[in-house]
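Asker: Structure in structure tokens, see below.
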Amino acid sequence: MESRLRRIATLVIGACVVVVVLTSAGCDSDPSAPPLAVLPTEAVVVNGGQRFTGSRTITVEARADGLDSVLVWNGTWEERHSGRWYEASAGCVEIPDWYLDSDEGPVTVRVSAVIEGLASHSAASEIILDLTPPLIGGLPLHPEAGASDVSAATDLRWSGATDGLCPADSIVYVVLAGVTATPQDTVYVGRELACLVPGLTANAVCYWQVNAVDLAGNVAIGPVWTFGVWAWNLPVFRRAPAATFVMGSPESEFGHVSSERQHTVTLTRDYLIASTEMVEGHYVPLLQWALGAGYITVSADTVISIRAGERLPLVFVSDGCNSIEYSNMSFVTTRPDQIVKQVTWYGAMAATAWLSELAGGAAHIPGIGDADTDLTDPYRHRGYRLPTEAEWEHACRAGTQTAFANGEIGDDVWIDPVLDQIGWYYYNYTGFDFTPGHKIANAWGLYDMHGGVPEWCWDWYGRYPTDAVIDPINIKLEAVGDARIIRGSLPLAGPKTIHCRSAFRSALEPYVGLCSMVTFRLVWSGGVD
């Protein structure tokens, strides 16, 4: 594969590489050559220096008028005593088999000459020997920031390779893709960190690989990643920037309770958050995929996770509260644009894990036994997940400190003209069977975070700290009871105005979903460029 990649890369690199090869004439070269011309037998000019591109044993050739001998040493170590002397013949010396250890590179080889009996270290020549291929850093940034679906024309992104000698913008990427575990089709050759792969088969798992070739022809073979091609979309995602903000509500705010104690929170990472909540048209294809993958079963209108021996309730169907029906091994919905409800915390977490698996990330279906360990650091989790409670409030406020993202709360628990513009609650409530995005969005383009269907967060319910915190999460040992955080409103028909404030908190046990009217909103993290 490496030789194939080098051939492909050569077409792109073209004139950017100057190859200098000494011919078989060797030491019979013209004696009028410049003093102490030293080159390995295969080299390229990189940033003004010579760089070896051959095997791990090389032949260095030095020639000069009156050349008696040369000293060759590892200039990386700055130790001449580590070198070897070679006698010249007729003004020329061939130094064979300079060996590079497998973990060496780049190495600077220095050659000093004795010309006509006089040591001439000032004439030392440096040759950079490097067999280290460029390294492809990190994981592919997939999906593209700001988008979420993987369609038949997929935009693949990856992080840049690193190379000690070649400029970052000189490294050539060769992208392979296909439906087999060893992708064969070359879909892109170039220096950009993204490429469009059109014409993919919908509802299939595809494979892709990014390989890097540097100016010297060294090749780095990247790992193979997977992604799913789906014929459906997810919500538009918006960026929530890293920031420091005041979480909770002041005592003067109408509806304030002691569990909303104000404290300073710093979020150190940007993240992407869905502009709307999950709808049935998003969730049903995931259920169908999970059923085909053997991750779930359905028992008495309850979708149950059976992966790795788990039996956790995920979502309730065919009961009239959702429009999702299940029969004959198929999930269908008559209202694909309706917010999905009756989802347990496990069901929300399972959906994010399935999406992460399809997007090429690490899949994880949460279980009761590991909920206190594997799930305690969501900020470094790459892929889809639920927002932490701090992330949710940060996104809901969108830079504000008022009770609602569009203004202050009044003193009437049933009617509020400010809330009426941005959220669903008792005064304008007509039932939970509605499509998202009909009220105004907050400053960051997020809809329905005040009132309406409440949303699961990642955290266990716990007491707020008294001091400032960085990237907080309430792990089980610090939590109160066995409940997970829900945000946005109470899981009841027609919440009061005070239940729709940015700071309002509530909680449910993670297995609760039946007629609880709880949904979730996706976050993408760990790959925000």
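So you can find residues: chains in the structure tokens are A, B, ... in the order shown, residues in each start at 1, and ligands are numbered from 1 in order.
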Quick one: pick out all strand (DSSP E) residues within region 214-340 of chain A from a backbone DSSP run and write them as a ChimeraX atom specification.
Answerer: /A:219-220,224-229,237-240,243-247,263-267,271-274,296-299,302-305,312-316,324-327,330-333
Asker: Which value, in Å to one decimal, gives the distance between CA of Asp420 (chain A) and CA of Ser252 (chain A)?
Answerer: 21.6 Å
Asker: Determine, counting only C-alpha atoms, which protein, DNA and RNA residues have an atom within 10 Å of an atom of Thr400 (chain A); residues of the same chain fewer than 3 positions away are not included. Present the result as a list in words.
Answerer: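 Surrounding residues, per the criterion: Phe245, Val246, His394, Ala395, Cys396, Arg397, Ala403, Phe404, Ala405, Asn406, Gly407, Asn442, Ala443 and Ser502 of chain A.
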Asker: Env of region 378-391 of chain A: 8 Å cut, atoms = only C-alpha atoms, seq-sep filter 3 positions within chain, self excluded. Answer as a VMD selection string.
Answerer: chain A and resid 247 265 267 269 273 348 to 349 352 to 353 355 to 356 359 361 to 362 375 394 to 395 456 to 459 471 to 473 485 487 520 to 527
Asker: Save the residues we just selected, N, CA and C atoms, as a compact mmCIF listing (two decimals), in the first residue's frame?
Answerer:
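Dumped to result-v8.txt:
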# COMPACT_ATOMS: atom_id res chain seq x y z
N MET A 247 -24.02 30.36 37.57
CA MET A 247 -25.07 29.34 37.49
C MET A 247 -25.98 29.46 38.70
N VAL A 265 -19.22 29.11 37.45
CA VAL A 265 -18.85 27.91 36.70
C VAL A 265 -18.00 28.32 35.50
N LEU A 267 -16.61 26.66 32.02
CA LEU A 267 -16.57 25.57 31.04
C LEU A 267 -15.39 25.82 30.12
N ARG A 269 -14.30 24.10 27.46
CA ARG A 269 -14.34 23.59 26.09
C ARG A 269 -15.60 24.07 25.38
N ILE A 273 -24.46 21.96 20.48
CA ILE A 273 -25.71 21.51 21.08
C ILE A 273 -26.83 21.66 20.06
N ALA A 348 -32.21 7.81 26.53
CA ALA A 348 -31.51 8.95 25.94
C ALA A 348 -30.03 8.66 25.77
N MET A 349 -29.41 8.06 26.80
CA MET A 349 -28.00 7.73 26.72
C MET A 349 -27.72 6.67 25.66
N THR A 352 -27.60 8.31 22.23
CA THR A 352 -26.35 9.02 21.97
C THR A 352 -25.21 8.04 21.69
N ALA A 353 -25.22 6.90 22.37
CA ALA A 353 -24.18 5.90 22.14
C ALA A 353 -24.31 5.29 20.74
N LEU A 355 -25.61 6.73 18.09
CA LEU A 355 -25.17 7.74 17.14
C LEU A 355 -23.65 7.85 17.11
N SER A 356 -23.02 7.78 18.27
CA SER A 356 -21.56 7.85 18.32
C SER A 356 -20.94 6.65 17.61
N ALA A 359 -21.21 7.21 13.95
CA ALA A 359 -20.33 8.29 13.49
C ALA A 359 -18.86 7.95 13.63
N GLY A 361 -17.31 6.90 16.48
CA GLY A 361 -16.77 7.09 17.82
C GLY A 361 -16.90 5.82 18.64
N ALA A 362 -16.49 5.90 19.87
CA ALA A 362 -16.57 4.75 20.76
C ALA A 362 -17.99 4.59 21.27
N LEU A 375 -18.89 6.95 33.16
CA LEU A 375 -19.67 8.09 32.74
C LEU A 375 -19.38 9.36 33.53
N HIS A 394 -25.89 26.87 30.72
CA HIS A 394 -25.08 27.80 29.94
C HIS A 394 -25.71 28.03 28.56
N ALA A 395 -26.13 26.95 27.90
CA ALA A 395 -26.75 27.06 26.58
C ALA A 395 -28.11 27.72 26.67
N TRP A 456 -33.57 15.44 29.69
CA TRP A 456 -32.58 14.76 30.52
C TRP A 456 -31.22 15.45 30.38
N CYS A 457 -30.48 15.51 31.48
CA CYS A 457 -29.08 15.90 31.46
C CYS A 457 -28.22 14.72 31.90
N TRP A 458 -26.92 14.85 31.75
CA TRP A 458 -25.99 13.77 32.06
C TRP A 458 -25.94 13.47 33.57
N ASP A 459 -26.01 14.52 34.39
CA ASP A 459 -25.64 14.43 35.80
C ASP A 459 -26.67 13.72 36.68
N ASP A 471 -15.65 22.88 34.86
CA ASP A 471 -16.20 21.69 34.20
C ASP A 471 -16.87 20.77 35.21
N PRO A 472 -17.88 21.24 35.91
CA PRO A 472 -18.46 20.43 36.99
C PRO A 472 -19.32 19.28 36.48
N ILE A 473 -19.40 18.26 37.29
CA ILE A 473 -20.34 17.16 37.07
C ILE A 473 -20.63 16.53 38.43
N ILE A 485 -30.73 14.49 36.61
CA ILE A 485 -31.21 15.85 36.39
C ILE A 485 -32.11 15.91 35.15
N ARG A 487 -34.12 19.21 33.00
CA ARG A 487 -34.12 20.67 32.90
C ARG A 487 -35.17 21.13 31.90
N PHE A 520 -34.98 14.57 25.27
CA PHE A 520 -33.56 14.91 25.41
C PHE A 520 -33.09 15.72 24.22
N ARG A 521 -31.95 16.36 24.41
CA ARG A 521 -31.32 17.21 23.39
C ARG A 521 -29.87 16.76 23.25
N LEU A 522 -29.40 16.62 22.02
CA LEU A 522 -28.06 16.09 21.77
C LEU A 522 -26.98 17.15 21.93
N VAL A 523 -25.82 16.68 22.36
CA VAL A 523 -24.59 17.48 22.36
C VAL A 523 -23.54 16.69 21.60
N TRP A 524 -22.71 17.40 20.85
CA TRP A 524 -21.54 16.79 20.21
C TRP A 524 -20.30 17.45 20.81
N SER A 525 -19.37 16.64 21.30
CA SER A 525 -18.18 17.21 21.94
C SER A 525 -16.96 16.39 21.60
N GLY A 526 -15.79 16.90 21.96
CA GLY A 526 -14.53 16.19 21.76
C GLY A 526 -13.97 16.34 20.37
N GLY A 527 -14.63 17.08 19.47
CA GLY A 527 -14.11 17.26 18.13
C GLY A 527 -14.61 18.53 17.51
Asker: State, in Å with one decimal place, the distance from CA of Pro198 (chain A) to CA of Thr186 (chain A).
Answerer: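 We find that CA of Pro198 (chain A) and CA of Thr186 (chain A) lie 12.3 Å from each other.
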Asker: When you look at Pro336 (chain A) with a cut-off of 10 Å (counting only C-alpha atoms), what residues show up, excluding the ones that are within fewer than 2 positions of it in the same chain? I need them as a PyMOL selection string.
Answerer: chain A and resi 279-284+323-324+332-334+338-340+435
Asker: How about saving the chosen residues, C-alpha atoms kept, as a tab-separated table (two decimals), in the first residue's frame?
Answerer:
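Result file result31.tsv:
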chain	number	residue	atom	x	y	z
A	279	VAL	CA	-38.17	14.18	17.47
A	280	GLU	CA	-39.70	10.83	16.58
A	281	GLY	CA	-38.35	11.02	13.05
A	282	HIS	CA	-34.84	11.12	14.55
A	283	TYR	CA	-35.40	8.43	17.14
A	284	VAL	CA	-37.34	5.78	15.16
A	323	SER	CA	-46.86	8.26	18.03
A	324	ILE	CA	-44.28	5.47	17.76
A	332	VAL	CA	-42.99	3.40	12.61
A	333	THR	CA	-44.30	6.84	13.49
A	334	THR	CA	-47.20	8.85	12.12
A	338	GLN	CA	-43.26	15.47	16.97
A	339	ILE	CA	-40.95	15.59	19.98
A	340	VAL	CA	-40.21	12.06	21.22
A	435	THR	CA	-43.32	20.23	16.78
Asker: In Å, how far is it from CA of Trp345 (chain A) to CA of Met449 (chain A)?
Answerer: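 Going from CA of Trp345 (chain A) over to CA of Met449 (chain A), I get 17.8 Å.
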Asker: Of the candidates A:Ser489, A:Trp225, A:Lys496, A:Tyr346, which one gets nearest to Asp412 (chain A) if we count only C-alpha atoms?
Answerer: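 Of A:Ser489, A:Trp225, A:Lys496, A:Tyr346, the one nearest Asp412 (chain A), counting only C-alpha atoms, is A:Lys496.
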Asker: Any chance you could list, as a PDB file with C-alpha atoms, in the first residue's frame, the residues in region 238-479 of chain A that come up alpha helix (DSSP H) when DSSP is run on the backbone?
Answerer:
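The file below, states_9.pdb, is the result:
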ATOM      1  CA  GLU A 280     -39.699  10.829  16.580  1.00  0.00           C
ATOM      2  CA  GLY A 281     -38.354  11.024  13.053  1.00  0.00           C
ATOM      3  CA  HIS A 282     -34.838  11.125  14.546  1.00  0.00           C
ATOM      4  CA  TYR A 283     -35.404   8.433  17.138  1.00  0.00           C
ATOM      5  CA  VAL A 284     -37.341   5.780  15.160  1.00  0.00           C
ATOM      6  CA  PRO A 285     -34.526   5.024  12.639  1.00  0.00           C
ATOM      7  CA  LEU A 286     -32.145   4.631  15.579  1.00  0.00           C
ATOM      8  CA  LEU A 287     -34.499   2.134  17.232  1.00  0.00           C
ATOM      9  CA  GLN A 288     -34.764   0.180  13.985  1.00  0.00           C
ATOM     10  CA  TRP A 289     -30.981   0.130  13.591  1.00  0.00           C
ATOM     11  CA  ALA A 290     -30.486  -0.981  17.207  1.00  0.00           C
ATOM     12  CA  LEU A 291     -33.058  -3.741  16.754  1.00  0.00           C
ATOM     13  CA  GLY A 292     -31.210  -5.037  13.695  1.00  0.00           C
ATOM     14  CA  TRP A 345     -32.419   8.469  30.965  1.00  0.00           C
ATOM     15  CA  TYR A 346     -31.060   5.124  29.778  1.00  0.00           C
ATOM     16  CA  GLY A 347     -32.987   5.520  26.533  1.00  0.00           C
ATOM     17  CA  ALA A 348     -31.513   8.954  25.943  1.00  0.00           C
ATOM     18  CA  MET A 349     -27.997   7.727  26.722  1.00  0.00           C
ATOM     19  CA  ALA A 350     -28.449   4.674  24.492  1.00  0.00           C
ATOM     20  CA  ALA A 351     -29.464   6.893  21.575  1.00  0.00           C
ATOM     21  CA  THR A 352     -26.347   9.021  21.969  1.00  0.00           C
ATOM     22  CA  ALA A 353     -24.178   5.900  22.137  1.00  0.00           C
ATOM     23  CA  TRP A 354     -25.742   4.467  18.963  1.00  0.00           C
ATOM     24  CA  LEU A 355     -25.167   7.743  17.139  1.00  0.00           C
ATOM     25  CA  SER A 356     -21.560   7.845  18.317  1.00  0.00           C
ATOM     26  CA  GLU A 357     -21.038   4.299  17.072  1.00  0.00           C
ATOM     27  CA  LEU A 358     -22.488   5.163  13.673  1.00  0.00           C
ATOM     28  CA  GLU A 389     -26.375  20.305  33.824  1.00  0.00           C
ATOM     29  CA  ALA A 390     -23.887  23.186  33.654  1.00  0.00           C
ATOM     30  CA  GLU A 391     -23.730  22.970  29.860  1.00  0.00           C
ATOM     31  CA  TRP A 392     -27.515  22.918  29.638  1.00  0.00           C
ATOM     32  CA  GLU A 393     -27.953  26.071  31.743  1.00  0.00           C
ATOM     33  CA  HIS A 394     -25.081  27.804  29.936  1.00  0.00           C
ATOM     34  CA  ALA A 395     -26.748  27.062  26.583  1.00  0.00           C
ATOM     35  CA  CYS A 396     -30.197  28.021  27.885  1.00  0.00           C
ATOM     36  CA  ARG A 397     -28.988  31.391  29.157  1.00  0.00           C
ATOM     37  CA  PRO A 417     -45.680  37.913  28.491  1.00  0.00           C
ATOM     38  CA  VAL A 418     -41.889  37.471  28.301  1.00  0.00           C
ATOM     39  CA  LEU A 419     -42.072  33.682  28.699  1.00  0.00           C
ATOM     40  CA  ASP A 420     -44.986  33.557  26.257  1.00  0.00           C
ATOM     41  CA  GLN A 421     -42.612  34.587  23.464  1.00  0.00           C
ATOM     42  CA  ILE A 422     -39.986  31.919  24.042  1.00  0.00           C
TER      43      ILE A 422
END
